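Peer 1: Sending over model_31.tsv (TSV, C-alpha atoms).
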chain	number	residue	atom	x	y	z
A	289	MET	CA	0.00	0.00	0.00
A	290	ALA	CA	2.80	2.31	0.95
A	291	ALA	CA	4.60	1.48	-2.30
A	292	LEU	CA	1.46	2.26	-4.31
A	293	PHE	CA	1.05	5.58	-2.52
A	294	GLY	CA	4.70	6.39	-3.25
A	295	ASN	CA	4.24	5.62	-6.94
A	296	LEU	CA	1.22	7.92	-7.09
A	297	LEU	CA	3.26	10.74	-5.58
A	298	ILE	CA	5.97	10.17	-8.14
A	299	LEU	CA	3.45	10.21	-11.02
A	300	GLU	CA	1.89	13.40	-9.68
A	301	ALA	CA	5.30	15.05	-9.43
A	302	LEU	CA	6.11	14.01	-13.01
A	303	GLU	CA	2.79	15.44	-14.21
A	304	VAL	CA	3.45	18.74	-12.46
A	305	GLU	CA	6.91	18.94	-14.03
A	306	GLU	CA	5.46	18.15	-17.46
A	307	ASN	CA	2.90	20.93	-17.04
A	308	ARG	CA	5.67	23.35	-16.14
A	309	ARG	CA	7.61	22.42	-19.26
A	310	TYR	CA	4.49	22.89	-21.37
A	311	GLN	CA	3.85	26.34	-19.87
A	312	ARG	CA	7.43	27.39	-20.56
A	313	VAL	CA	7.05	26.38	-24.23
A	314	MET	CA	3.69	28.14	-24.50
A	315	LYS	CA	5.13	31.38	-23.14
A	316	ARG	CA	7.70	31.37	-25.94
A	317	MET	CA	5.06	30.94	-28.63
A	318	VAL	CA	3.31	33.86	-30.30
A	319	ARG	CA	-0.25	34.19	-29.12
A	320	ASP	CA	-2.83	33.33	-31.77
A	321	ALA	CA	-3.98	36.82	-32.72
A	322	GLN	CA	-6.90	37.60	-34.99
A	323	ASN	CA	-6.00	37.94	-38.66
A	324	PRO	CA	-5.61	41.72	-39.17
A	325	PHE	CA	-6.92	41.47	-42.74
A	326	SER	CA	-10.27	40.31	-41.37
A	327	LEU	CA	-10.81	43.80	-39.95
A	328	SER	CA	-12.96	46.29	-41.79
A	329	GLU	CA	-11.12	48.73	-44.04
A	330	SER	CA	-11.56	51.63	-41.61
A	331	GLN	CA	-10.42	49.54	-38.63
A	332	PHE	CA	-7.39	48.34	-40.58
A	333	ARG	CA	-6.43	51.92	-41.48
A	334	GLN	CA	-6.82	52.98	-37.87
A	335	GLN	CA	-4.41	50.26	-36.74
A	336	PHE	CA	-1.81	50.42	-39.52
A	337	ARG	CA	-2.26	53.80	-41.32
A	338	LEU	CA	-2.43	51.98	-44.67
A	339	ASN	CA	-5.31	50.35	-46.48
A	340	LYS	CA	-5.26	46.62	-47.16
A	341	ASP	CA	-4.01	46.98	-50.74
A	342	ALA	CA	-1.03	49.06	-49.64
A	343	ALA	CA	-0.25	46.67	-46.79
A	344	MET	CA	-0.41	43.65	-49.12
A	345	TYR	CA	1.97	45.40	-51.52
A	346	LEU	CA	4.35	46.08	-48.64
A	347	LEU	CA	4.23	42.48	-47.46
A	348	ARG	CA	4.73	41.17	-50.99
A	349	VAL	CA	7.87	43.28	-51.53
A	350	LEU	CA	9.44	42.88	-48.08
A	351	ALA	CA	8.68	39.24	-47.27
A	352	PRO	CA	11.38	37.72	-49.54
A	353	HIS	CA	14.00	39.89	-47.80
A	354	LEU	CA	13.07	39.09	-44.18
A	355	VAL	CA	14.78	36.19	-42.45
A	356	GLU	CA	12.81	33.23	-41.15
A	357	GLY	CA	12.43	32.95	-37.38
A	358	VAL	CA	14.92	30.69	-35.62
A	359	TYR	CA	13.19	30.27	-32.27
A	360	THR	CA	10.24	28.10	-31.25
A	361	SER	CA	7.91	31.07	-31.71
A	362	LYS	CA	8.97	31.81	-35.33
A	363	ILE	CA	7.13	35.11	-35.53
A	364	PRO	CA	5.43	35.29	-38.96
A	365	LYS	CA	6.74	37.89	-41.39
A	366	MET	CA	3.29	39.45	-41.67
A	367	VAL	CA	3.16	40.00	-37.91
A	368	ARG	CA	6.61	41.58	-37.89
A	369	VAL	CA	5.85	43.99	-40.74
A	370	LEU	CA	2.43	45.02	-39.42
A	371	SER	CA	3.83	45.46	-35.91
A	372	VAL	CA	6.42	47.90	-37.19
A	373	ILE	CA	4.07	49.99	-39.32
A	374	HIS	CA	1.68	50.02	-36.34
A	375	PHE	CA	4.56	51.41	-34.25
A	376	TYR	CA	5.22	54.07	-36.89
A	377	GLY	CA	1.57	55.07	-36.88
A	378	VAL	CA	0.89	55.08	-33.15
A	379	GLY	CA	4.30	56.16	-31.91
A	380	SER	CA	3.83	54.59	-28.49
A	381	TYR	CA	6.35	52.70	-26.40
A	382	GLN	CA	7.41	49.26	-27.60
A	383	ARG	CA	6.14	47.44	-24.50
A	384	GLY	CA	2.60	48.74	-24.95
A	385	LEU	CA	2.61	47.94	-28.65
A	386	ALA	CA	3.91	44.45	-27.99
A	387	ASN	CA	0.72	43.73	-26.05
A	388	ASN	CA	-1.49	44.89	-28.90
A	389	PHE	CA	-4.19	42.34	-29.71
A	390	PHE	CA	-3.43	42.23	-33.44
A	391	THR	CA	0.38	42.18	-33.23
A	392	CYS	CA	1.06	40.36	-29.98
A	393	ILE	CA	4.81	39.87	-29.83
A	394	SER	CA	7.28	40.57	-27.05
A	395	GLN	CA	8.97	43.93	-26.61
A	396	SER	CA	12.38	42.50	-27.51
A	397	SER	CA	10.94	40.90	-30.67
A	398	LEU	CA	9.33	44.18	-31.66
A	399	SER	CA	12.63	45.99	-31.15
A	400	ARG	CA	14.40	43.53	-33.46
A	401	SER	CA	11.56	43.79	-35.97
A	402	ILE	CA	11.78	47.60	-36.09
A	403	THR	CA	15.44	47.36	-37.08
A	404	GLU	CA	14.88	44.55	-39.58
A	405	VAL	CA	11.78	45.96	-41.29
A	406	THR	CA	13.09	49.54	-41.37
A	407	ASP	CA	16.30	48.36	-43.05
A	408	ALA	CA	14.29	46.31	-45.56
A	409	ILE	CA	12.06	49.27	-46.43
A	410	LEU	CA	15.05	51.54	-47.00
A	411	ARG	CA	17.01	48.97	-48.98
A	412	HIS	CA	14.25	47.83	-51.32
A	413	LEU	CA	11.76	50.74	-51.56
A	414	THR	CA	13.68	54.02	-51.36
A	415	ARG	CA	14.56	54.33	-55.04
A	416	ARG	CA	11.07	53.29	-56.06
A	417	TRP	CA	9.18	55.77	-53.88
A	418	ILE	CA	11.47	58.75	-53.16
A	419	LYS	CA	12.36	60.07	-56.60
A	420	PHE	CA	13.49	63.56	-57.52
A	421	PRO	CA	12.77	64.30	-61.22
A	422	ARG	CA	15.96	63.53	-63.11
A	423	ASN	CA	15.15	64.36	-66.71
A	424	ASP	CA	13.23	66.94	-68.70
A	425	VAL	CA	10.13	64.77	-69.00
A	426	GLU	CA	9.82	64.21	-65.25
A	427	ARG	CA	10.59	67.84	-64.45
A	428	ASN	CA	8.01	69.06	-66.95
A	429	VAL	CA	5.34	66.86	-65.34
A	430	ASN	CA	6.01	68.54	-62.00
A	431	LYS	CA	6.07	72.01	-63.56
A	432	GLU	CA	2.78	71.50	-65.35
A	433	ARG	CA	1.17	70.25	-62.16
A	434	PHE	CA	2.33	73.27	-60.12
A	435	HIS	CA	1.19	75.60	-62.89
A	436	ALA	CA	-2.22	73.96	-63.10
A	437	VAL	CA	-2.84	73.80	-59.34
A	438	PHE	CA	-1.14	76.96	-58.05
A	439	ASN	CA	-0.53	79.07	-61.18
A	440	MET	CA	3.24	79.04	-60.51
A	441	PRO	CA	5.31	78.16	-63.61
A	442	GLU	CA	8.79	76.58	-63.61
A	443	ILE	CA	8.36	75.01	-60.14
A	444	ILE	CA	9.43	71.39	-59.65
A	445	GLY	CA	9.10	71.21	-55.85
A	446	VAL	CA	8.78	73.01	-52.51
A	447	VAL	CA	11.32	72.71	-49.70
A	448	ASP	CA	10.98	73.13	-45.94
A	449	GLY	CA	12.53	71.84	-42.75
A	450	THR	CA	10.86	70.13	-39.81
A	451	HIS	CA	12.15	68.93	-36.45
A	452	ILE	CA	11.80	65.32	-35.31
A	453	ALA	CA	12.23	64.96	-31.54
A	454	ILE	CA	14.71	62.36	-30.28
A	455	VAL	CA	16.05	61.40	-26.85
A	456	LYS	CA	19.26	63.00	-25.63
A	457	PRO	CA	22.11	61.50	-27.68
A	458	ARG	CA	25.25	60.21	-25.99
A	459	VAL	CA	27.62	61.82	-28.50
A	460	ASP	CA	27.67	65.54	-29.45
A	461	GLU	CA	24.53	66.10	-27.41
A	462	HIS	CA	24.72	69.91	-27.71
A	463	MET	CA	24.54	69.71	-31.51
A	464	PHE	CA	21.04	68.22	-31.36
A	465	VAL	CA	19.45	70.95	-29.19
A	466	ASN	CA	17.29	73.09	-31.48
A	467	ARG	CA	16.32	76.70	-30.90
A	468	LYS	CA	13.19	75.58	-29.03
A	469	GLY	CA	15.29	73.81	-26.46
A	470	TYR	CA	14.75	70.10	-27.11
A	471	HIS	CA	16.81	67.45	-28.90
A	472	SER	CA	15.85	66.82	-32.50
A	473	LEU	CA	16.83	66.06	-36.06
A	474	ASN	CA	16.30	68.86	-38.57
A	475	CYS	CA	14.86	67.13	-41.63
A	476	GLN	CA	14.70	68.79	-45.05
A	477	ILE	CA	11.69	67.74	-47.11
A	478	ILE	CA	10.93	68.55	-50.75
A	479	CYS	CA	7.47	67.67	-52.05
A	480	ASP	CA	5.55	68.03	-55.30
A	481	ALA	CA	2.14	69.62	-55.90
A	482	ASP	CA	0.36	66.46	-54.73
A	483	MET	CA	2.22	66.30	-51.39
A	484	LYS	CA	4.41	63.39	-52.45
A	485	ILE	CA	7.88	63.59	-50.95
A	486	ILE	CA	10.44	63.69	-53.77
A	487	ASN	CA	13.50	64.21	-51.59
A	488	ILE	CA	14.28	64.01	-47.88
A	489	VAL	CA	17.45	64.64	-45.86
A	490	SER	CA	16.99	63.41	-42.30
A	491	GLN	CA	20.40	63.08	-40.65
A	492	TRP	CA	21.26	66.66	-39.61
A	493	PRO	CA	21.23	67.69	-35.90
A	494	GLY	CA	18.49	70.02	-34.68
A	495	SER	CA	20.82	73.01	-34.31
A	496	THR	CA	21.64	73.02	-38.04
A	497	HIS	CA	20.20	75.92	-40.05
A	498	ASP	CA	17.80	75.15	-42.92
A	499	ALA	CA	19.94	77.17	-45.33
A	500	PHE	CA	23.05	75.15	-44.46
A	501	ILE	CA	21.23	71.85	-45.02
A	502	TRP	CA	20.02	73.10	-48.41
A	503	ARG	CA	23.48	74.25	-49.45
A	504	SER	CA	24.99	70.91	-48.39
A	505	SER	CA	22.30	68.76	-49.98
A	506	ARG	CA	22.74	66.77	-53.18
A	507	ILE	CA	19.69	68.46	-54.71
A	508	GLY	CA	20.98	71.94	-53.95
A	509	ARG	CA	24.31	71.14	-55.60
A	510	ALA	CA	22.64	69.45	-58.58
A	511	LEU	CA	20.34	72.41	-59.29
A	512	ARG	CA	23.27	74.78	-59.13
A	513	ALA	CA	25.23	72.62	-61.56
A	514	ASN	CA	22.23	72.49	-63.91
A	515	TYR	CA	21.91	76.27	-63.80
A	516	GLU	CA	25.59	76.76	-64.57
A	517	ASN	CA	25.17	74.37	-67.52
A	518	GLY	CA	22.43	76.55	-69.00
A	519	GLN	CA	19.31	74.96	-67.51
A	520	ARG	CA	17.64	78.18	-66.27
A	521	HIS	CA	13.98	77.26	-65.81
A	522	ASP	CA	13.97	74.71	-62.97
A	523	ARG	CA	13.13	76.18	-59.58
A	524	ILE	CA	12.42	75.07	-56.03
A	525	MET	CA	10.28	77.20	-53.70
A	526	GLY	CA	11.31	77.93	-50.11
A	527	ASP	CA	10.41	80.31	-47.30
A	528	SER	CA	12.42	83.37	-46.28
A	529	GLY	CA	14.75	81.21	-44.19
A	530	TYR	CA	16.37	80.08	-47.45
A	531	PRO	CA	18.64	82.17	-49.69
A	532	CYS	CA	17.24	83.76	-52.83
A	533	LEU	CA	19.03	81.98	-55.68
A	534	PRO	CA	18.31	81.66	-59.40
A	535	TRP	CA	17.17	78.05	-58.78
A	536	LEU	CA	15.59	78.68	-55.34
A	537	LEU	CA	12.60	81.04	-55.30
A	538	VAL	CA	11.72	82.82	-52.03
A	539	PRO	CA	9.19	85.59	-51.27
A	540	PHE	CA	10.00	89.29	-51.15
A	541	ALA	CA	10.84	90.52	-47.65
A	542	ARG	CA	9.29	93.88	-48.59
A	543	THR	CA	7.04	94.49	-51.58
A	544	ASN	CA	7.40	97.69	-53.61
A	545	THR	CA	4.92	97.01	-56.41
A	546	GLN	CA	1.54	95.40	-56.77
A	547	ARG	CA	3.11	92.69	-58.90
A	548	GLN	CA	5.34	91.75	-55.98
A	549	GLU	CA	2.36	91.70	-53.62
A	550	VAL	CA	0.41	89.40	-55.93
A	551	PHE	CA	3.50	87.23	-56.35
A	552	ASN	CA	3.94	86.97	-52.55
A	553	ASN	CA	0.28	86.02	-52.04
A	554	THR	CA	0.40	83.38	-54.79
A	555	PHE	CA	3.72	82.17	-53.46
A	556	LYS	CA	2.32	81.76	-49.94
A	557	GLN	CA	-0.61	79.69	-51.16
A	558	SER	CA	1.67	77.51	-53.29
A	559	ARG	CA	4.34	76.97	-50.63
A	560	SER	CA	1.76	75.84	-48.09
A	561	VAL	CA	1.70	72.46	-49.87
A	562	VAL	CA	4.92	71.44	-48.11
A	563	GLU	CA	3.50	72.46	-44.73
A	564	ARG	CA	0.44	70.31	-45.40
A	565	CYS	CA	2.71	67.49	-46.56
A	566	ILE	CA	4.66	67.60	-43.29
A	567	GLY	CA	1.42	67.80	-41.32
A	568	LEU	CA	0.08	64.69	-43.07
A	569	LEU	CA	3.37	62.85	-42.65
A	570	LYS	CA	3.25	63.41	-38.89
A	571	GLY	CA	-0.48	62.84	-38.68
A	572	ARG	CA	-0.10	59.47	-40.38
A	573	HIS	CA	3.10	58.46	-38.52
A	574	ARG	CA	2.79	59.79	-35.02
A	575	CYS	CA	6.12	58.41	-33.91
A	576	LEU	CA	7.48	61.61	-35.57
A	577	LEU	CA	5.55	63.98	-33.30
A	578	LYS	CA	7.41	66.10	-30.79
A	579	ASP	CA	5.39	64.72	-27.87
A	580	ARG	CA	6.13	61.08	-28.79
A	581	VAL	CA	9.96	61.38	-29.10
A	582	LEU	CA	11.95	58.71	-30.92
A	583	HIS	CA	13.91	56.75	-28.29
A	584	TYR	CA	16.77	55.87	-30.60
A	585	ALA	CA	20.23	57.04	-31.50
A	586	PRO	CA	20.24	59.77	-34.20
A	587	ASN	CA	21.28	57.41	-37.02
A	588	LYS	CA	18.46	54.96	-36.34
A	589	ALA	CA	15.95	57.76	-35.81
A	590	ALA	CA	16.93	59.23	-39.19
A	591	ARG	CA	16.30	55.84	-40.85
A	592	ILE	CA	12.86	55.63	-39.24
A	593	VAL	CA	12.01	59.10	-40.59
A	594	LEU	CA	12.99	58.02	-44.10
A	595	ALA	CA	10.94	54.82	-43.81
A	596	CYS	CA	7.90	56.87	-42.75
A	597	ALA	CA	8.39	59.15	-45.78
A	598	ILE	CA	8.37	56.11	-48.06
A	599	LEU	CA	5.15	54.82	-46.46
A	600	HIS	CA	3.65	58.31	-46.81
A	601	ASN	CA	4.17	58.17	-50.58
A	602	ILE	CA	2.84	54.62	-50.75
A	603	ALA	CA	-0.29	55.76	-48.90
A	604	ILE	CA	-0.83	58.58	-51.41
A	605	HIS	CA	-0.34	56.19	-54.34
A	606	TYR	CA	-2.91	53.74	-52.93
A	607	ARG	CA	-5.32	56.60	-52.14
A	608	VAL	CA	-5.38	56.01	-48.40
A	609	PRO	CA	-7.65	58.72	-46.91
A	610	ASN	CA	-5.62	61.46	-45.28
A	611	PRO	CA	-5.66	61.68	-41.48
A	612	ILE	CA	-6.07	64.98	-39.68
A	613	PRO	CA	-2.78	66.83	-40.32
A	614	LEU	CA	-0.73	67.69	-37.22
A	615	TRP	CA	1.37	70.82	-37.42
A	616	ASP	CA	3.51	70.58	-34.35
A	617	GLU	CA	6.65	72.05	-35.87
A	618	ILE	CA	5.66	74.66	-38.46
A	619	ASP	CA	7.84	77.72	-37.92
A	620	GLN	CA	5.95	80.89	-38.70
A	621	GLU	CA	9.12	82.97	-38.40
A	622	PRO	CA	12.14	81.37	-40.08
A	623	LEU	CA	15.56	81.80	-38.54
A	624	PRO	CA	17.65	84.73	-39.79
A	625	GLN	CA	20.11	83.60	-42.40
A	626	PRO	CA	23.78	83.08	-41.46
A	627	LEU	CA	26.59	85.42	-42.46
A	628	LEU	CA	27.56	85.26	-46.14
A	629	ASP	CA	30.87	85.20	-47.93
A	630	GLN	CA	31.53	87.12	-51.14
A	631	GLN	CA	30.51	84.25	-53.44
A	632	ASP	CA	27.22	83.78	-51.59
A	633	LEU	CA	26.46	87.48	-51.90
A	634	LEU	CA	27.05	87.37	-55.65
A	635	LEU	CA	24.76	84.34	-56.02
A	636	ARG	CA	22.01	85.99	-53.99
A	637	ASN	CA	22.22	89.18	-56.01
A	638	LEU	CA	21.88	87.02	-59.11
A	639	GLY	CA	18.95	85.26	-57.46
A	640	GLN	CA	17.16	88.53	-56.75
A	641	GLN	CA	17.60	89.59	-60.37
A	642	SER	CA	16.25	86.24	-61.51
A	643	ARG	CA	13.24	86.61	-59.20
A	644	GLU	CA	12.50	90.09	-60.60
A	645	ALA	CA	12.62	88.69	-64.14
A	646	TYR	CA	10.30	85.84	-63.07
A	647	VAL	CA	7.75	88.28	-61.62
A	648	ASP	CA	7.92	90.54	-64.68
A	649	GLN	CA	7.41	87.58	-67.01
A	650	TYR	CA	4.62	85.69	-65.24
A	651	PHE	CA	2.87	88.42	-63.26
A	652	ASN	CA	2.80	91.09	-65.97
A	653	PHE	CA	-0.99	91.08	-65.89
A	654	VAL	CA	-0.84	93.13	-62.67
A	655	ASP	CA	-0.74	96.91	-62.81
A	656	ASN	CA	2.74	98.03	-61.71
A	657	ASN	CA	1.44	100.73	-59.35
A	658	ILE	CA	1.26	100.25	-55.59
A	659	VAL	CA	-2.30	99.94	-54.31
Reformat the file's structure so that it appears as structure tokens.
Peer 2:
Amino acid sequence: MAALFGNLLILEALEVEENRRYQRVMKRMVRDAQNPFSLSESQFRQQFRLNKDAAMYLLRVLAPHLVEGVYTSKIPKMVRVLSVIHFYGVGSYQRGLANNFFTCISQSSLSRSITEVTDAILRHLTRRWIKFPRNDVERNVNKERFHAVFNMPEIIGVVDGTHIAIVKPRVDEHMFVNRKGYHSLNCQIICDADMKIINIVSQWPGSTHDAFIWRSSRIGRALRANYENGQRHDRIMGDSGYPCLPWLLVPFARTNTQRQEVFNNTFKQSRSVVERCIGLLKGRHRCLLKDRVLHYAPNKAARIVLACAILHNIAIHYRVPNPIPLWDEIDQEPLPQPLLDQQDLLLRNLGQQSREAYVDQYFNFVDNNIV
């Protein structure tokens, strides 16, 4: 009898140990979440900031370039991609997102997925979705669109800067403090008349002046080279924080004629497209908002910004309804421009002459007398 009782205790102990092993395995497995594509279209957009067609395109392109899971859980590629774009859209902390019903993975898995998916987006989608017009045909398409929508000829894009808040960096921390007193990246964005981003520079510290970023950018150098090679009718629009150059159109600081006043008013309406573009970018990807703050080193934060810009263009292409735009970083008063050397002064004088010729050519319907 005693032996039988002892055997029962042993069996019970073995069963308890087996249950413990089973629980440990279950904890490592991904919970069986509801299929996100079974949501309604509006619910899907609310969760992932893309419609189902855009999300399926993203999965189709990225899946071949994502590695298979190596652990017991083997998180599906779909879950990893949707978790990351959900993070971009909501901008919350990783731990809270990891508990989301539709993308239930651990915080550490989400962190790895953000790195993996962001790198895949940049590697395989940047050239397809962030494209500055490179030839006459593409430039003329942009010019015709700006002329039709805003009545501004010769314009191929509009430039502006916006700040993306980041946590205090460990290296060169003082360089990332912007004039409003918080750490950020100063990102230069150029968009077309339909609010598609055609160029973005996202790696500069928050203390960097917009004019310096423009002068150092590949687009700024390319437009200058084109002008010097005789291509005189391609222009970018910018606010008064940028220099007046033959290839960079800015408003008049003071108007002396009615033509200039009409030009400034038309210019203001046209240039607002980049402010709306930035507002939609941040409204769709709230991880870019000042109040959310990207908790990453500057290099990784810059890559996340670029990935969000790519998804912004994909959303426009797939006609995803626009969210409410959020203008948390629109500067109404641009910074005064830095001191100029002799060559810069000559270029700006040439730019002012070019702007006068532009106004005389395209705004000659206005009476030249001051109202």
Peer 1: Given the choices A:Arg580, A:Lys468, A:Arg512, A:Arg415, which gets closest to Leu594 in chain A if the distance is worked out from all atoms listed in the file?
Peer 2: A:Arg415
Peer 1: Applying 9 Å and all atoms listed in the file, which residues near Val355 in chain A remain after dropping the ones on its own chain fewer than 3 positions away? List them as a PyMOL selection string.
Peer 2: chain A and resi 351-352+358+365+404
Peer 1: Print the selection's residues with C-alpha atoms to a file, as a short mmCIF file (atom, residue, chain, number, x, y, z; two decimals), keeping the file's coordinate frame.
Peer 2:
data_model
loop_
_atom_site.label_atom_id
_atom_site.label_comp_id
_atom_site.auth_asym_id
_atom_site.auth_seq_id
_atom_site.Cartn_x
_atom_site.Cartn_y
_atom_site.Cartn_z
CA ALA A 351 8.68 39.24 -47.27
CA PRO A 352 11.38 37.72 -49.54
CA VAL A 358 14.92 30.69 -35.62
CA LYS A 365 6.74 37.89 -41.39
CA GLU A 404 14.88 44.55 -39.58
#
Peer 1: CA of Ile418 in chain A to CA of Lys484 in chain A: how many Å, to one decimal?
Peer 2: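 Computed distance, CA of Ile418 in chain A to CA of Lys484 in chain A, equals 8.5 Å.
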Peer 1: Tell me which of A:Val367, A:Val446, A:Ile454, A:Ala541 sits closest to Ile402 in chain A, counting only C-alpha atoms.
Peer 2: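 Nearest to Ile402 in chain A: A:Val367.
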Peer 1: From the list A:Arg636, A:Arg411, A:Lys456, A:Lys362, which residue is nearest Leu536 in chain A when using all atoms listed in the file?
Peer 2: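 The shortest atom-to-atom distance to Leu536 in chain A comes from A:Arg636.
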Peer 1: Select, from A:His451, A:His462, A:His600, A:Arg591, the residue with the minimum atom-to-atom distance to Cys565 in chain A, counting only C-alpha atoms.
Peer 2: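 Of all the options, A:His600 lies closest to Cys565 in chain A.
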